[in-house]
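The block underneath contains the structure these notes are about, expressed in structure tokens.
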Amino acid sequence: MHGFAGRWLVNGSGQGILTIDLTPTQRGYVMGFPVRLRQLMVSVAEPATLAAALRGST
């Protein structure tokens, strides 16, 4: 996991990265310290499927 300025990347690969904008900004913790999270980037096998699920469509 890597992050800076409210943007965090959780990846196991450099491919299939989906960016999720969080509104309102969410609270997270890194090593016990609170941080603001406004954008989360995750690597997934099927980014389009996850994006559709997050939008509520299938």
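Please note that chains go A, B, ... in the order of the structure tokens, that every chain numbers its residues from 1, and that ligands are numbered from 1 in the order shown.
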What lies within 12 Å of stretch 25-33 of chain A using only C-alpha atoms, ignoring chain neighbours under 4 positions off, as an mmCIF file with N, CA and C atoms, in the first residue's frame?
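Generated output (selection_8.cif):
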data_model
loop_
_atom_site.group_PDB
_atom_site.id
_atom_site.type_symbol
_atom_site.label_atom_id
_atom_site.label_comp_id
_atom_site.auth_asym_id
_atom_site.auth_seq_id
_atom_site.Cartn_x
_atom_site.Cartn_y
_atom_site.Cartn_z
ATOM 1 N N MET A 1 0.846 -1.158 0.000
ATOM 2 C CA MET A 1 0.000 0.000 0.000
ATOM 3 C C MET A 1 0.897 1.227 0.000
ATOM 4 N N HIS A 2 0.555 2.181 -0.835
ATOM 5 C CA HIS A 2 1.333 3.409 -0.955
ATOM 6 C C HIS A 2 0.348 4.574 -0.941
ATOM 7 N N GLY A 3 0.718 5.673 -0.344
ATOM 8 C CA GLY A 3 -0.205 6.792 -0.343
ATOM 9 C C GLY A 3 0.447 8.118 -0.072
ATOM 10 N N PHE A 4 -0.235 9.155 -0.552
ATOM 11 C CA PHE A 4 0.209 10.520 -0.332
ATOM 12 C C PHE A 4 -0.937 11.463 -0.692
ATOM 13 N N ALA A 5 -1.152 12.472 0.120
ATOM 14 C CA ALA A 5 -2.120 13.539 -0.157
ATOM 15 C C ALA A 5 -3.529 13.018 -0.438
ATOM 16 N N GLY A 6 -3.950 12.001 0.307
ATOM 17 C CA GLY A 6 -5.305 11.494 0.163
ATOM 18 C C GLY A 6 -5.512 10.487 -0.952
ATOM 19 N N ARG A 7 -4.451 10.144 -1.681
ATOM 20 C CA ARG A 7 -4.533 9.157 -2.759
ATOM 21 C C ARG A 7 -3.757 7.918 -2.331
ATOM 22 N N TRP A 8 -4.431 6.758 -2.317
ATOM 23 C CA TRP A 8 -3.805 5.521 -1.866
ATOM 24 C C TRP A 8 -3.898 4.455 -2.929
ATOM 25 N N ILE A 20 -11.058 4.650 -7.505
ATOM 26 C CA ILE A 20 -12.347 4.903 -6.868
ATOM 27 C C ILE A 20 -12.259 6.242 -6.158
ATOM 28 N N ASP A 21 -13.078 7.196 -6.590
ATOM 29 C CA ASP A 21 -13.131 8.503 -5.933
ATOM 30 C C ASP A 21 -14.124 8.417 -4.788
ATOM 31 N N LEU A 37 -8.706 9.961 3.182
ATOM 32 C CA LEU A 37 -8.690 9.147 1.967
ATOM 33 C C LEU A 37 -9.734 9.696 1.006
ATOM 34 N N ARG A 38 -9.268 10.243 -0.120
ATOM 35 C CA ARG A 38 -10.191 10.790 -1.109
ATOM 36 C C ARG A 38 -10.195 9.979 -2.399
ATOM 37 N N GLN A 39 -9.147 9.180 -2.608
ATOM 38 C CA GLN A 39 -9.067 8.371 -3.815
ATOM 39 C C GLN A 39 -8.339 7.081 -3.494
ATOM 40 N N LEU A 40 -8.947 5.976 -3.892
ATOM 41 C CA LEU A 40 -8.370 4.663 -3.656
ATOM 42 C C LEU A 40 -8.153 3.985 -5.000
#
Would you please extract all alpha helix (DSSP H) residues from chain A, as assigned by DSSP on the backbone, and give them as an NGL selection string? :A and (47-55)
Taking 3 positions as the minimum chain separation for residues in the same chain, which residues sit within 8 Å of A:Val44 when counting only C-alpha atoms? Answer as number ranges by chain. A: 15-18, 47
Dump of all heavy atoms for the selected residues, as a PDB file, in the first residue's frame:
ATOM      1  N   GLN A  15      -1.201  -3.814 -13.452  1.00  0.00           N
ATOM      2  CA  GLN A  15      -2.274  -3.875 -14.451  1.00  0.00           C
ATOM      3  C   GLN A  15      -3.617  -3.986 -13.755  1.00  0.00           C
ATOM      4  O   GLN A  15      -3.718  -4.416 -12.611  1.00  0.00           O
ATOM      5  CB  GLN A  15      -2.071  -5.072 -15.370  1.00  0.00           C
ATOM      6  CG  GLN A  15      -0.786  -4.998 -16.159  1.00  0.00           C
ATOM      7  CD  GLN A  15      -0.587  -6.228 -17.015  1.00  0.00           C
ATOM      8  OE1 GLN A  15      -1.068  -7.302 -16.692  1.00  0.00           O
ATOM      9  NE2 GLN A  15       0.126  -6.054 -18.104  1.00  0.00           N
ATOM     10  N   GLY A  16      -4.666  -3.613 -14.455  1.00  0.00           N
ATOM     11  CA  GLY A  16      -6.016  -3.743 -13.927  1.00  0.00           C
ATOM     12  C   GLY A  16      -6.288  -2.836 -12.747  1.00  0.00           C
ATOM     13  O   GLY A  16      -7.027  -3.184 -11.836  1.00  0.00           O
ATOM     14  N   ILE A  17      -5.721  -1.626 -12.775  1.00  0.00           N
ATOM     15  CA  ILE A  17      -5.909  -0.706 -11.651  1.00  0.00           C
ATOM     16  C   ILE A  17      -7.179   0.114 -11.860  1.00  0.00           C
ATOM     17  O   ILE A  17      -7.383   0.725 -12.903  1.00  0.00           O
ATOM     18  CB  ILE A  17      -4.689   0.206 -11.467  1.00  0.00           C
ATOM     19  CG1 ILE A  17      -3.496  -0.647 -11.058  1.00  0.00           C
ATOM     20  CG2 ILE A  17      -4.972   1.287 -10.426  1.00  0.00           C
ATOM     21  CD1 ILE A  17      -2.215   0.092 -10.840  1.00  0.00           C
ATOM     22  N   LEU A  18      -8.038   0.070 -10.848  1.00  0.00           N
ATOM     23  CA  LEU A  18      -9.298   0.810 -10.854  1.00  0.00           C
ATOM     24  C   LEU A  18      -9.175   1.935  -9.831  1.00  0.00           C
ATOM     25  O   LEU A  18      -8.750   1.705  -8.695  1.00  0.00           O
ATOM     26  CB  LEU A  18     -10.457  -0.114 -10.471  1.00  0.00           C
ATOM     27  CG  LEU A  18     -11.822   0.546 -10.347  1.00  0.00           C
ATOM     28  CD1 LEU A  18     -12.337   0.966 -11.715  1.00  0.00           C
ATOM     29  CD2 LEU A  18     -12.796  -0.400  -9.678  1.00  0.00           C
ATOM     30  N   PRO A  47     -11.408  -5.112 -13.552  1.00  0.00           N
ATOM     31  CA  PRO A  47     -11.786  -3.779 -13.097  1.00  0.00           C
ATOM     32  C   PRO A  47     -13.182  -3.347 -13.552  1.00  0.00           C
ATOM     33  O   PRO A  47     -13.901  -2.699 -12.800  1.00  0.00           O
ATOM     34  CB  PRO A  47     -10.714  -2.852 -13.664  1.00  0.00           C
ATOM     35  CG  PRO A  47      -9.808  -3.681 -14.480  1.00  0.00           C
ATOM     36  CD  PRO A  47     -10.177  -5.102 -14.328  1.00  0.00           C
TER      37      PRO A  47
END
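Atom CA of A:Ala45 to atom CA of A:Ser13 spans 9.4 Å [interatomic distance, one decimal].
Here atom CA of A:Val10 stands at a distance of 14.9 Å from atom CA of A:Leu22.
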Return the single residue from A:Val35, A:Val42, A:Gly56, A:Thr23 that is closest to A:Asn11, with distances computed using only C-alpha atoms.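 Smallest separation from A:Asn11 among the options: A:Val42.
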I need the residues of chain A that end up classed as strand (DSSP E or B) by DSSP on the backbone, written out as number ranges by chain. A: 2-4, 7-10, 17-30, 33-43
